[in-house]
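Below is final37.cif, holding mmCIF, C-alpha atoms.
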```
data_my_file
#
loop_
_atom_site.label_atom_id
_atom_site.label_comp_id
_atom_site.auth_asym_id
_atom_site.auth_seq_id
_atom_site.Cartn_x
_atom_site.Cartn_y
_atom_site.Cartn_z
CA MET A 1 -122.48 -88.33 111.33
CA GLU A 2 -119.26 -86.58 110.20
CA LYS A 3 -116.68 -89.04 109.05
CA LYS A 4 -113.27 -88.75 110.60
CA VAL A 5 -110.84 -87.68 107.85
CA ILE A 6 -107.19 -88.71 107.81
CA ASP A 7 -105.16 -86.59 105.42
CA ALA A 8 -102.00 -88.51 104.54
CA ARG A 9 -101.34 -86.81 101.20
CA GLY A 10 -97.67 -86.25 100.50
CA LEU A 11 -96.65 -88.89 103.00
CA SER A 12 -94.85 -92.09 102.06
CA CYS A 13 -95.30 -95.44 103.68
CA PRO A 14 -95.38 -96.36 106.46
CA GLN A 15 -96.70 -92.93 107.58
CA PRO A 16 -100.18 -93.19 105.98
CA VAL A 17 -100.71 -96.63 107.52
CA LEU A 18 -99.41 -95.42 110.88
CA LEU A 19 -101.83 -92.47 110.86
CA THR A 20 -104.67 -94.79 109.89
CA LYS A 21 -103.71 -97.23 112.64
CA LYS A 22 -103.76 -94.43 115.22
CA ALA A 23 -107.11 -93.11 113.99
CA LEU A 24 -108.69 -96.56 113.95
CA ALA A 25 -107.95 -96.86 117.67
CA SER A 26 -111.06 -94.71 118.27
CA ASN A 27 -113.02 -97.60 116.71
CA GLU A 28 -115.61 -95.66 114.74
CA ASN A 29 -117.72 -97.16 111.99
CA ALA A 30 -116.44 -95.05 109.13
CA TYR A 31 -113.33 -93.10 108.17
CA GLU A 32 -112.02 -91.33 105.12
CA VAL A 33 -108.31 -91.56 104.29
CA LEU A 34 -106.69 -89.30 101.69
CA VAL A 35 -103.45 -90.44 100.08
CA ASP A 36 -101.62 -89.42 96.91
CA ASN A 37 -99.68 -92.49 95.85
CA ALA A 38 -100.61 -95.99 94.78
CA THR A 39 -98.37 -97.71 97.33
CA ALA A 40 -100.06 -95.90 100.21
CA LYS A 41 -103.48 -96.69 98.70
CA GLU A 42 -102.66 -100.41 98.62
CA ASN A 43 -101.06 -100.48 102.06
CA VAL A 44 -103.85 -98.56 103.80
CA THR A 45 -106.45 -100.74 102.03
CA ARG A 46 -104.69 -103.90 103.18
CA PHE A 47 -104.38 -102.63 106.73
CA ALA A 48 -108.04 -101.54 106.85
CA ASN A 49 -109.20 -104.88 105.47
CA ASN A 50 -107.14 -106.72 108.09
CA SER A 51 -108.72 -104.49 110.73
CA GLY A 52 -112.24 -105.46 109.66
CA TYR A 53 -113.13 -102.49 107.45
CA SER A 54 -114.26 -102.61 103.85
CA VAL A 55 -112.70 -100.02 101.58
CA SER A 56 -113.91 -98.24 98.47
CA VAL A 57 -111.55 -96.05 96.51
CA THR A 58 -112.29 -92.98 94.42
CA GLU A 59 -109.64 -91.09 92.50
CA LYS A 60 -109.59 -87.34 92.01
CA ASP A 61 -106.79 -85.17 90.57
CA GLY A 62 -104.15 -87.80 91.32
CA ASP A 63 -105.28 -88.19 94.93
CA TYR A 64 -107.05 -91.26 96.25
CA CYS A 65 -109.92 -91.03 98.68
CA LEU A 66 -110.41 -94.25 100.64
CA SER A 67 -113.75 -94.70 102.37
CA LEU A 68 -113.47 -97.16 105.23
CA SER A 69 -116.59 -98.67 106.72
CA LYS A 70 -117.44 -101.56 109.02
CA MET B 71 -118.95 -101.60 90.88
CA THR B 72 -117.37 -98.54 89.27
CA THR B 73 -114.43 -98.74 86.91
CA LYS B 74 -112.22 -97.19 89.57
CA GLU B 75 -113.12 -99.90 92.04
CA LYS B 76 -112.53 -102.60 89.43
CA ASN B 77 -109.10 -101.13 88.76
CA ALA B 78 -108.40 -101.14 92.47
CA GLU B 79 -109.35 -104.80 92.68
CA LYS B 80 -107.17 -105.69 89.72
CA SER B 81 -104.12 -103.94 91.14
CA SER B 82 -104.69 -105.46 94.56
CA LEU B 83 -104.61 -108.88 92.90
CA PHE B 84 -101.08 -108.17 91.65
CA SER B 85 -100.10 -106.49 94.88
CA GLY B 86 -101.19 -109.60 96.77
CA VAL B 87 -99.09 -112.49 98.00
CA GLY B 88 -98.93 -114.27 94.62
CA GLY B 89 -97.15 -111.36 92.98
CA ILE B 90 -94.56 -110.99 95.71
CA VAL B 91 -93.75 -114.72 95.70
CA ILE B 92 -93.20 -114.65 91.93
CA ALA B 93 -91.04 -111.53 92.22
CA GLY B 94 -89.01 -112.98 95.09
CA ALA B 95 -88.45 -116.24 93.23
CA VAL B 96 -87.36 -114.45 90.06
CA VAL B 97 -84.98 -112.15 91.99
CA GLY B 98 -83.41 -115.07 93.86
CA LEU B 99 -82.98 -117.24 90.76
CA ILE B 100 -81.69 -114.42 88.53
CA SER B 101 -79.19 -113.51 91.25
CA ALA B 102 -77.84 -117.07 91.40
CA LEU B 103 -77.70 -117.14 87.60
CA LEU B 104 -75.76 -113.85 87.41
CA VAL B 105 -73.13 -115.32 89.76
CA LYS B 106 -72.96 -118.45 87.60
CA LEU B 107 -72.46 -116.26 84.51
CA GLY B 108 -69.70 -114.10 85.95
CA ASN B 109 -70.74 -111.73 88.75
CA PRO B 110 -68.76 -111.98 92.03
CA GLY B 111 -69.83 -114.66 94.53
CA ASN B 112 -73.21 -114.11 96.21
CA MET B 113 -73.37 -110.82 94.31
CA GLY B 114 -76.00 -111.40 91.66
CA PHE B 115 -77.29 -108.11 92.91
CA CYS B 116 -75.86 -105.78 95.53
CA ILE B 117 -77.08 -102.22 95.37
CA ALA B 118 -74.35 -101.00 97.73
CA CYS B 119 -71.53 -102.80 95.90
CA PHE B 120 -72.82 -101.83 92.45
CA LEU B 121 -73.21 -98.14 93.31
CA ARG B 122 -69.74 -98.30 94.86
CA ASP B 123 -68.43 -99.80 91.60
CA ILE B 124 -70.11 -96.96 89.67
CA ALA B 125 -68.45 -94.47 92.03
CA GLY B 126 -65.23 -96.24 91.08
CA ALA B 127 -65.94 -96.23 87.34
CA THR B 128 -66.52 -92.48 87.50
CA LYS B 129 -63.34 -92.08 89.60
CA LEU B 130 -65.16 -90.64 92.60
CA GLN B 131 -63.18 -93.33 94.40
CA THR B 132 -60.04 -94.98 93.06
CA ALA B 133 -59.84 -98.39 94.75
CA ALA B 134 -58.52 -100.32 91.73
CA VAL B 135 -60.46 -103.52 92.47
CA VAL B 136 -63.96 -102.00 92.62
CA GLN B 137 -64.42 -99.92 89.47
CA TYR B 138 -67.07 -100.87 86.93
CA PHE B 139 -70.18 -99.17 85.56
CA ARG B 140 -72.74 -101.80 86.58
CA PRO B 141 -75.51 -101.99 83.95
CA GLU B 142 -77.76 -103.74 86.48
CA ILE B 143 -78.28 -100.40 88.25
CA VAL B 144 -79.31 -98.69 85.03
CA GLY B 145 -81.65 -101.59 84.28
CA LEU B 146 -83.28 -101.43 87.72
CA VAL B 147 -84.03 -97.72 87.43
CA ILE B 148 -85.25 -97.84 83.81
CA GLY B 149 -87.23 -101.06 84.41
CA ALA B 150 -89.00 -99.37 87.32
CA MET B 151 -89.56 -96.20 85.28
CA VAL B 152 -91.12 -98.06 82.35
CA MET B 153 -93.33 -100.15 84.62
CA ALA B 154 -94.42 -97.03 86.53
CA LEU B 155 -95.22 -95.22 83.27
CA VAL B 156 -97.18 -98.20 81.94
CA SER B 157 -99.23 -98.56 85.14
CA LYS B 158 -99.69 -94.78 85.40
CA GLU B 159 -97.81 -94.67 88.71
CA PHE B 160 -94.98 -92.44 87.51
CA SER B 161 -95.31 -89.55 89.89
CA PRO B 162 -92.72 -86.75 90.04
CA ARG B 163 -92.43 -85.63 93.64
CA GLY B 164 -89.87 -84.37 96.12
CA GLY B 165 -89.08 -81.89 98.84
CA SER B 166 -89.13 -84.12 101.93
CA ALA B 167 -85.91 -83.24 103.80
CA PRO B 168 -83.57 -83.84 100.83
CA PHE B 169 -80.26 -83.03 102.50
CA THR B 170 -81.10 -85.03 105.61
CA ARG B 171 -81.84 -87.97 103.31
CA PHE B 172 -78.51 -87.44 101.54
CA VAL B 173 -76.57 -87.61 104.81
CA VAL B 174 -78.49 -90.61 106.16
CA ALA B 175 -77.96 -92.40 102.84
CA ALA B 176 -74.21 -91.80 102.98
CA PHE B 177 -74.02 -93.47 106.40
CA VAL B 178 -76.29 -96.33 105.25
CA MET B 179 -73.78 -96.94 102.45
CA ILE B 180 -70.82 -96.86 104.83
CA GLY B 181 -72.58 -99.35 107.15
CA ALA B 182 -73.32 -101.63 104.20
CA LEU B 183 -69.72 -101.51 102.96
CA VAL B 184 -68.35 -102.26 106.44
CA PHE B 185 -70.43 -105.45 106.35
CA LEU B 186 -69.89 -105.90 102.57
CA GLY B 187 -73.40 -105.87 101.19
CA CYS B 188 -76.72 -104.08 101.03
CA PRO B 189 -79.77 -105.81 102.57
CA LEU B 190 -80.41 -107.60 99.27
CA ARG B 191 -76.87 -109.00 99.11
CA MET B 192 -77.16 -109.87 102.80
CA ILE B 193 -80.01 -112.25 102.06
CA LEU B 194 -78.35 -113.48 98.86
CA ARG B 195 -75.31 -114.30 101.01
CA ILE B 196 -77.59 -116.26 103.36
CA GLY B 197 -78.98 -118.01 100.28
CA GLY B 198 -75.39 -118.94 99.37
CA GLY B 199 -74.78 -120.49 102.81
CA ASP B 200 -72.74 -117.57 104.21
CA LEU B 201 -73.51 -117.68 107.95
CA ASN B 202 -71.74 -114.35 108.59
CA ALA B 203 -74.74 -112.75 106.91
CA VAL B 204 -77.10 -114.32 109.46
CA ILE B 205 -75.37 -112.29 112.18
CA ALA B 206 -75.66 -109.21 109.96
CA LEU B 207 -79.38 -109.96 109.59
CA VAL B 208 -79.77 -109.83 113.37
CA GLY B 209 -78.06 -106.42 113.38
CA PHE B 210 -80.23 -105.29 110.47
CA ALA B 211 -83.41 -106.33 112.29
CA ALA B 212 -82.19 -104.60 115.48
CA GLY B 213 -81.63 -101.40 113.49
CA ILE B 214 -85.15 -101.65 112.06
CA LEU B 215 -86.55 -102.01 115.60
CA VAL B 216 -84.72 -98.84 116.66
CA GLY B 217 -86.24 -97.07 113.63
CA ILE B 218 -89.70 -98.39 114.51
CA TYR B 219 -89.30 -97.00 118.03
CA PHE B 220 -88.89 -93.52 116.53
CA LEU B 221 -91.70 -94.07 113.99
CA ASN B 222 -94.05 -94.87 116.86
CA LYS B 223 -92.84 -91.75 118.67
CA GLY B 224 -93.82 -89.65 115.65
CA PHE B 225 -90.67 -89.56 113.48
CA ASN B 226 -91.42 -88.02 110.09
CA LEU B 227 -89.32 -86.29 107.42
CA LYS B 228 -92.43 -84.31 106.40
CA ARG B 229 -94.44 -84.51 103.25
CA THR B 230 -93.37 -84.49 99.63
CA TYR B 231 -94.79 -82.20 96.98
CA THR B 232 -95.62 -82.70 93.35
CA VAL B 233 -92.80 -81.38 91.17
CA ASN B 234 -92.40 -80.84 87.43
CA LYS B 235 -92.18 -83.85 85.15
CA ALA B 236 -88.66 -82.77 84.17
CA GLU B 237 -87.51 -83.19 87.79
CA GLY B 238 -89.01 -86.67 87.90
CA PHE B 239 -87.22 -87.74 84.71
CA ALA B 240 -83.92 -86.06 85.54
CA PHE B 241 -82.34 -88.94 87.48
CA PRO B 242 -83.20 -91.75 85.02
CA ILE B 243 -81.99 -89.54 82.14
CA VAL B 244 -78.71 -88.55 83.80
CA LEU B 245 -77.95 -92.15 84.80
CA SER B 246 -78.75 -93.44 81.30
CA ALA B 247 -76.71 -90.68 79.65
CA LEU B 248 -73.68 -91.54 81.81
CA PHE B 249 -74.11 -95.21 80.95
CA VAL B 250 -74.30 -94.48 77.20
CA LEU B 251 -71.22 -92.27 77.53
CA CYS B 252 -69.46 -95.15 79.27
CA LEU B 253 -70.34 -97.47 76.36
CA LEU B 254 -69.33 -94.94 73.69
CA VAL B 255 -66.18 -93.47 75.31
CA PRO B 256 -65.00 -96.11 77.79
CA SER B 257 -61.56 -94.47 78.05
CA LEU B 258 -63.14 -91.74 80.20
CA PHE B 259 -64.07 -94.32 82.84
CA ALA B 260 -62.13 -96.69 85.06
CA PHE B 261 -62.50 -100.48 84.88
CA SER B 262 -61.02 -102.91 87.37
CA GLU B 263 -58.59 -105.41 85.90
CA LYS B 264 -58.73 -107.66 88.94
CA GLY B 265 -60.91 -108.07 92.03
CA PRO B 266 -64.71 -107.92 92.27
CA GLY B 267 -64.94 -104.99 89.84
CA SER B 268 -63.44 -107.15 87.08
CA MET B 269 -66.03 -109.89 87.61
CA HIS B 270 -69.21 -109.26 85.70
CA VAL B 271 -71.67 -110.70 83.24
CA SER B 272 -72.04 -109.21 79.75
CA VAL B 273 -73.61 -105.77 79.46
CA ILE B 274 -76.73 -107.12 77.74
CA ILE B 275 -77.38 -109.79 80.37
CA ALA B 276 -76.75 -107.35 83.23
CA LEU B 277 -79.06 -104.78 81.70
CA ALA B 278 -81.79 -107.35 81.02
CA ALA B 279 -81.56 -108.72 84.58
CA GLY B 280 -81.84 -105.20 85.97
CA LEU B 281 -84.81 -104.35 83.76
CA ILE B 282 -86.74 -107.49 84.80
CA VAL B 283 -86.04 -107.09 88.51
CA GLY B 284 -86.67 -103.33 88.38
CA ALA B 285 -90.06 -103.81 86.76
CA LEU B 286 -91.06 -106.57 89.20
CA ALA B 287 -89.84 -104.61 92.22
CA GLN B 288 -91.83 -101.56 91.10
CA LYS B 289 -94.98 -103.58 90.65
CA THR B 290 -94.72 -105.46 93.96
CA ARG B 291 -93.07 -102.69 96.13
CA LEU B 292 -90.40 -105.26 97.08
CA CYS B 293 -88.32 -103.84 99.94
CA MET B 294 -85.99 -105.60 102.35
CA VAL B 295 -86.60 -103.07 105.13
CA ALA B 296 -90.38 -102.79 104.79
CA GLY B 297 -90.66 -106.59 105.04
CA ILE B 298 -89.52 -106.66 108.65
CA ARG B 299 -90.87 -103.18 109.46
CA ASP B 300 -94.45 -103.81 108.35
CA ALA B 301 -94.56 -107.26 109.95
CA VAL B 302 -93.64 -105.68 113.30
CA LEU B 303 -95.73 -102.51 112.96
CA PHE B 304 -98.87 -103.77 111.26
CA LYS B 305 -98.65 -107.58 111.26
CA ASP B 306 -98.52 -107.19 107.48
CA TRP B 307 -96.51 -110.13 106.17
CA LYS B 308 -96.64 -109.49 102.44
CA LEU B 309 -93.19 -107.99 101.89
CA LEU B 310 -91.55 -110.33 104.41
CA ILE B 311 -92.84 -113.24 102.33
CA GLY B 312 -90.95 -111.71 99.38
CA PHE B 313 -87.83 -111.45 101.54
CA VAL B 314 -88.00 -115.11 102.56
CA THR B 315 -88.81 -116.22 99.00
CA ILE B 316 -85.62 -114.54 97.72
CA ILE B 317 -83.54 -116.50 100.26
CA ILE B 318 -85.17 -119.80 99.31
CA ALA B 319 -84.94 -119.16 95.56
CA ALA B 320 -81.29 -118.04 95.80
CA MET B 321 -80.55 -121.18 97.83
CA VAL B 322 -82.22 -123.41 95.24
CA GLY B 323 -80.36 -121.63 92.41
CA ASN B 324 -77.02 -121.80 94.21
CA LEU B 325 -77.46 -125.49 95.00
CA ALA B 326 -78.34 -126.17 91.36
CA PHE B 327 -75.23 -124.32 90.13
CA GLY B 328 -72.93 -125.79 92.80
CA GLN B 329 -72.42 -122.35 94.39
CA PHE B 330 -73.82 -123.17 97.84
CA HIS B 331 -71.19 -123.35 100.60
CA LEU B 332 -72.42 -123.50 104.18
CA GLY B 333 -70.19 -121.95 106.83
CA PHE B 334 -68.46 -118.86 108.16
CA SER B 335 -65.07 -119.10 106.50
CA GLY B 336 -64.05 -119.15 102.86
CA GLN B 337 -67.09 -117.13 101.79
CA PRO B 338 -66.77 -114.90 98.72
CA ILE B 339 -66.16 -111.19 99.43
CA ALA B 340 -66.99 -111.51 103.12
CA HIS B 341 -65.35 -111.35 106.53
CA SER B 342 -66.15 -112.91 109.91
CA VAL B 343 -65.67 -109.86 112.10
CA HIS B 344 -69.14 -110.34 113.52
CA LEU B 345 -69.47 -107.33 115.82
CA TRP B 346 -68.89 -104.98 112.89
CA SER B 347 -71.13 -106.93 110.53
CA PHE B 348 -73.82 -106.58 113.19
CA LEU B 349 -73.23 -102.86 113.81
CA GLY B 350 -72.74 -102.03 110.12
CA MET B 351 -76.10 -103.57 109.25
CA LEU B 352 -77.69 -101.99 112.32
CA VAL B 353 -76.84 -98.64 110.73
CA VAL B 354 -78.33 -99.86 107.44
CA GLY B 355 -81.57 -101.06 109.07
CA PHE B 356 -82.02 -97.96 111.23
CA GLY B 357 -81.09 -95.53 108.45
CA SER B 358 -83.29 -97.29 105.90
CA VAL B 359 -86.34 -97.03 108.17
CA LEU B 360 -85.66 -93.28 108.44
CA LEU B 361 -85.41 -93.12 104.63
CA GLY B 362 -88.56 -95.20 104.13
CA GLY B 363 -86.99 -98.08 102.22
CA CYS B 364 -83.90 -100.17 101.48
CA PRO B 365 -81.37 -99.20 98.78
CA LEU B 366 -83.15 -101.34 96.16
CA ARG B 367 -86.45 -99.63 96.91
CA GLN B 368 -84.81 -96.19 96.71
CA LEU B 369 -83.52 -97.00 93.21
CA ILE B 370 -87.01 -98.12 92.20
CA MET B 371 -88.65 -94.99 93.61
CA ALA B 372 -86.03 -92.83 91.87
CA GLY B 373 -87.25 -94.54 88.68
CA GLU B 374 -90.85 -93.66 89.61
CA GLY B 375 -89.93 -89.96 89.58
CA ASN B 376 -89.20 -89.50 93.28
CA ALA B 377 -86.53 -86.80 93.50
CA ASP B 378 -85.95 -87.47 97.22
CA SER B 379 -84.99 -91.04 96.35
CA ALA B 380 -82.73 -89.71 93.57
CA VAL B 381 -80.98 -87.54 96.17
CA THR B 382 -80.79 -90.60 98.43
CA VAL B 383 -79.06 -92.60 95.68
CA MET B 384 -76.56 -89.74 95.24
CA GLY B 385 -75.98 -89.92 99.00
CA TYR B 386 -75.21 -93.65 98.65
CA ILE B 387 -72.71 -92.92 95.86
CA VAL B 388 -70.96 -90.18 97.83
CA GLY B 389 -70.98 -92.40 100.94
CA ALA B 390 -69.32 -95.14 98.86
CA ALA B 391 -66.69 -92.70 97.63
CA PHE B 392 -65.91 -91.70 101.22
CA ALA B 393 -65.91 -95.35 102.28
CA HIS B 394 -63.07 -96.16 99.90
CA ASN B 395 -61.20 -92.84 99.84
CA PHE B 396 -61.03 -92.86 103.66
CA GLY B 397 -60.47 -96.61 104.00
CA LEU B 398 -63.75 -97.22 105.87
CA ALA B 399 -65.05 -100.24 103.96
CA GLY B 400 -64.59 -103.71 105.40
CA ALA B 401 -61.90 -105.82 103.76
CA ALA B 402 -62.77 -109.30 102.59
CA ALA B 403 -61.08 -112.11 104.51
CA THR B 404 -58.13 -113.76 102.77
CA ALA B 405 -55.81 -116.62 103.64
CA GLU B 406 -53.48 -114.09 105.32
CA SER B 407 -55.99 -111.76 106.97
CA ILE B 408 -59.31 -112.03 108.76
CA GLY B 409 -60.42 -108.84 107.00
CA GLY B 410 -63.11 -106.56 108.41
CA PRO B 411 -63.12 -102.80 108.81
CA SER B 412 -60.17 -100.61 109.79
CA ILE B 413 -60.23 -98.51 112.94
CA TYR B 414 -61.54 -95.67 110.76
CA GLY B 415 -64.34 -97.86 109.46
CA LYS B 416 -65.33 -98.74 113.01
CA GLY B 417 -65.24 -95.06 113.95
CA ALA B 418 -67.44 -94.21 110.96
CA VAL B 419 -70.04 -96.80 112.04
CA ILE B 420 -70.14 -95.33 115.56
CA ILE B 421 -70.46 -91.80 114.15
CA GLY B 422 -73.18 -93.14 111.85
CA ILE B 423 -75.20 -94.45 114.80
CA ILE B 424 -74.86 -91.07 116.57
CA VAL B 425 -75.85 -89.13 113.43
CA LEU B 426 -78.89 -91.37 112.83
CA LEU B 427 -79.99 -90.98 116.45
CA ALA B 428 -79.69 -87.19 116.09
CA VAL B 429 -81.67 -87.21 112.82
CA ALA B 430 -84.34 -89.41 114.40
CA PHE B 431 -84.51 -87.27 117.54
CA PHE B 432 -84.72 -83.90 115.79
CA ASN B 433 -87.38 -85.11 113.34
CA THR B 434 -89.60 -86.70 115.96
CA LYS B 435 -92.57 -84.73 117.12
CA ARG B 436 -95.30 -86.06 119.33
CA ALA B 437 -98.58 -86.46 117.47
CA LYS B 438 -101.15 -83.80 118.33
CA ASN B 439 -103.98 -86.18 119.12
#
```
Before we go any further, please render this structure as structure tokens.
Amino acid sequence: MEKKVIDARGLSCPQPVLLTKKALASNENAYEVLVDNATAKENVTRFANNSGYSVSVTEKDGDYCLSLSK
Amino acid sequence: MTTKEKNAEKSSLFSGVGGIVIAGAVVGLISALLVKLGNPGNMGFCIACFLRDIAGATKLQTAAVVQYFRPEIVGLVIGAMVMALVSKEFSPRGGSAPFTRFVVAAFVMIGALVFLGCPLRMILRIGGGDLNAVIALVGFAAGILVGIYFLNKGFNLKRTYTVNKAEGFAFPIVLSALFVLCLLVPSLFAFSEKGPGSMHVSVIIALAAGLIVGALAQKTRLCMVAGIRDAVLFKDWKLLIGFVTIIIAAMVGNLAFGQFHLGFSGQPIAHSVHLWSFLGMLVVGFGSVLLGGCPLRQLIMAGEGNADSAVTVMGYIVGAAFAHNFGLAGAAATAESIGGPSIYGKGAVIIGIIVLLAVAFFNTKRAKN
């Protein structure tokens, strides 16, 4: 199944977390969140963990790709 | 587990609750200590007051009692820059509505100076027993709620872009160069002989305090606005725990140094004109949500290479210059006067609320999905 991708690159907090929160309302099993700063990476990770998702992070060209899964 | 994931785990350990409690405790205690060693009362740190003093030192405003080149500010920015470079988080970026940020920042500064303190000094004042600041806190929280309303409606100043390294280093370099110039050729600058601007710790202590707090604030993302904002929006309590820890630590420090005085009257550099403390800090809370962080956080992000935050800090400085050149800032209460803002200061706060509402409205777009 295609993962839903949330592109929050260039956005500062709280926007990336807000976008993630909105996307998570559809309650799918997996998402991918793209962010480009460490603060957003931490905040989205914390929010996803609190929402019952586990998160793995990969870094590429200064961007972070967060894979969220239940 | 890959190295990347291990790194993520390690940084999340420091970004957890332990780190923010340590940072909050250090900020609160250092602030009390700075007052003990010579800074004005309940003003261990005040980003608004210190930038205003720098505006005075550089003669952008000429109120004789608030002119001093505060080394704490330089320390905060450089401390954040060094910590960001060390942890590979220095990231030159910019281009997200710079002039809008400049204008919002100017009004945030005016609101803060009507009350007499940035959000950090507001909680340091609470930690010193100043109950006027509790009323300001209610206004501040109300302003944050207004900002959250627009965030939920889709408010956004649009994305930033990666910029050249030189742009990212420009603000820390310019600030440091001005500071060095001030040390080498002090006759170019203005220094208060009396009033709050004349009260300060030694340059070395101020710089060291700024460096420590700047580094800790960078590492932990400490922000007075995000504490309340994220608790309301996401039930994320981390930054609010830092906020509360600063109050407790400042209180402990002030009690230890005999600087704690509970009450409304007789507070250092404060007034009891509650409506305008409330409305001034409402502007600060609302504006800071639009900007994405409190004045302390903007200084830290400017140190991390964020040019939008650098523009924001310039907006604060220009706002401070207007605040004193136009007589907008609140006056501290004295034995003869209850203090508070002039009619012009009150007008500026009202205009500030209208401007912020306009900025919020015109930058709010309903989400597509």
Neighbour list for Pro16 in chain A as a VMD selection string, cut-off 8 Å, all atoms listed in the file, skip fewer than 3 positions in-chain: chain A and resid 8 11 to 13 19 to 20 35 40 44
Only residues of chain A matter here; which ones have an atom within 10 Å of chain B, counting all atoms listed in the file? Give them as a CSV table (one decimal) with C-alpha atoms, keeping the file's coordinate frame.
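Ended up saving to selection.csv:
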```
chain,number,residue,atom,x,y,z
A,8,ALA,CA,-102.0,-88.5,104.5
A,9,ARG,CA,-101.3,-86.8,101.2
A,10,GLY,CA,-97.7,-86.2,100.5
A,11,LEU,CA,-96.6,-88.9,103.0
A,12,SER,CA,-94.8,-92.1,102.1
A,13,CYS,CA,-95.3,-95.4,103.7
A,14,PRO,CA,-95.4,-96.4,106.5
A,15,GLN,CA,-96.7,-92.9,107.6
A,17,VAL,CA,-100.7,-96.6,107.5
A,18,LEU,CA,-99.4,-95.4,110.9
A,19,LEU,CA,-101.8,-92.5,110.9
A,21,LYS,CA,-103.7,-97.2,112.6
A,22,LYS,CA,-103.8,-94.4,115.2
A,23,ALA,CA,-107.1,-93.1,114.0
A,36,ASP,CA,-101.6,-89.4,96.9
A,37,ASN,CA,-99.7,-92.5,95.8
A,38,ALA,CA,-100.6,-96.0,94.8
A,39,THR,CA,-98.4,-97.7,97.3
A,41,LYS,CA,-103.5,-96.7,98.7
A,42,GLU,CA,-102.7,-100.4,98.6
A,43,ASN,CA,-101.1,-100.5,102.1
A,45,THR,CA,-106.4,-100.7,102.0
A,46,ARG,CA,-104.7,-103.9,103.2
A,47,PHE,CA,-104.4,-102.6,106.7
A,50,ASN,CA,-107.1,-106.7,108.1
A,51,SER,CA,-108.7,-104.5,110.7
A,55,VAL,CA,-112.7,-100.0,101.6
A,56,SER,CA,-113.9,-98.2,98.5
A,57,VAL,CA,-111.6,-96.0,96.5
A,58,THR,CA,-112.3,-93.0,94.4
A,59,GLU,CA,-109.6,-91.1,92.5
A,62,GLY,CA,-104.2,-87.8,91.3
```
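Here the PyMOL selection byres ((chain B and resi 323) around 9) captures the residues Gly98, Leu99, Ile100, Ser101, Ala102, Leu103, Gly197, Gly198, Ile318, Ala319, Ala320, Met321, Val322, Asn324, Leu325, Ala326, Phe327, Gly328, Gln329 and Phe330 of chain B.
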Would you save the residues from that selection as a short mmCIF file (atom, residue, chain, number, x, y, z; two decimals), keeping the file's coordinate frame, using C-alpha atoms?
```
data_model
loop_
_atom_site.label_atom_id
_atom_site.label_comp_id
_atom_site.auth_asym_id
_atom_site.auth_seq_id
_atom_site.Cartn_x
_atom_site.Cartn_y
_atom_site.Cartn_z
CA GLY B 98 -83.41 -115.07 93.86
CA LEU B 99 -82.98 -117.24 90.76
CA ILE B 100 -81.69 -114.42 88.53
CA SER B 101 -79.19 -113.51 91.25
CA ALA B 102 -77.84 -117.07 91.40
CA LEU B 103 -77.70 -117.14 87.60
CA GLY B 197 -78.98 -118.01 100.28
CA GLY B 198 -75.39 -118.94 99.37
CA ILE B 318 -85.17 -119.80 99.31
CA ALA B 319 -84.94 -119.16 95.56
CA ALA B 320 -81.29 -118.04 95.80
CA MET B 321 -80.55 -121.18 97.83
CA VAL B 322 -82.22 -123.41 95.24
CA ASN B 324 -77.02 -121.80 94.21
CA LEU B 325 -77.46 -125.49 95.00
CA ALA B 326 -78.34 -126.17 91.36
CA PHE B 327 -75.23 -124.32 90.13
CA GLY B 328 -72.93 -125.79 92.80
CA GLN B 329 -72.42 -122.35 94.39
CA PHE B 330 -73.82 -123.17 97.84
#
```
Near Leu24 in chain A, within 10 Å and counting all atoms listed in the file, which residues show up once chain neighbours fewer than 5 positions away are dropped, as a list in words? Lys4, Leu18, Leu19, Asn29, Ala30, Tyr31, Ala48, Ser51, Tyr53 and Leu68 of chain A
Hey, what's within 9 Å of Pro242 in chain B if we count all atoms listed in the file and toss same-chain stuff fewer than 5 positions away? As a PyMOL selection string, please? chain B and resi 144+147-148+151+247+372-373+375+380
On this structure, the PyMOL selection byres ((chain B and resi 336) around 12) would catch which residues? List them as a VMD selection string, sorted by chain and number. chain B and resid 111 198 to 202 330 to 335 337 to 342 402 to 409
Contacts of range 421-433 of chain B at 7 Å or less, counting all atoms listed in the file, minus same-chain residues fewer than 3 places along, as a ChimeraX atom specification? /B:174,177,220,225-227,353,357,417-418
Which polymer residues have any atom within 10 Å of an atom of Leu277 in chain B, counting all atoms listed in the file, with same-chain residues fewer than 3 positions away left out, as a list in words? Arg140, Pro141, Glu142, Ile143, Val144, Gly145, Leu146, Ile148, Gly149, Val271, Ser272, Val273, Ile274, Gly280, Leu281 and Ile282 of chain B
On this file, the PyMOL selection byres ((chain B and resi 134) around 10) gives some set of residues; write that set as a list in words.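 Applying the PyMOL selection byres ((chain B and resi 134) around 10) to the structure shown produces Asp123, Gly126, Ala127, Lys129, Gln131, Thr132, Ala133, Val135, Val136, Gln137, Tyr138, Ala260, Phe261, Ser262, Glu263, Lys264, Gly265, Pro266, Gly267 and Ser268 of chain B.
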Would you mind reading off the distance between CA of Gly88 in chain B and CA of Val302 in chain B, one decimal, in Å?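 Straight-line distance from CA of Gly88 in chain B to CA of Val302 in chain B works out to 21.2 Å.
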As an exercise, work out the distance from CA of Leu194 in chain B to CA of Ala206 in chain B in Å and give it to one decimal place. 12.2 Å
Rounded to one decimal, what separation in Å do you get between CA of Met351 in chain B and CA of Phe313 in chain B? 16.1 Å
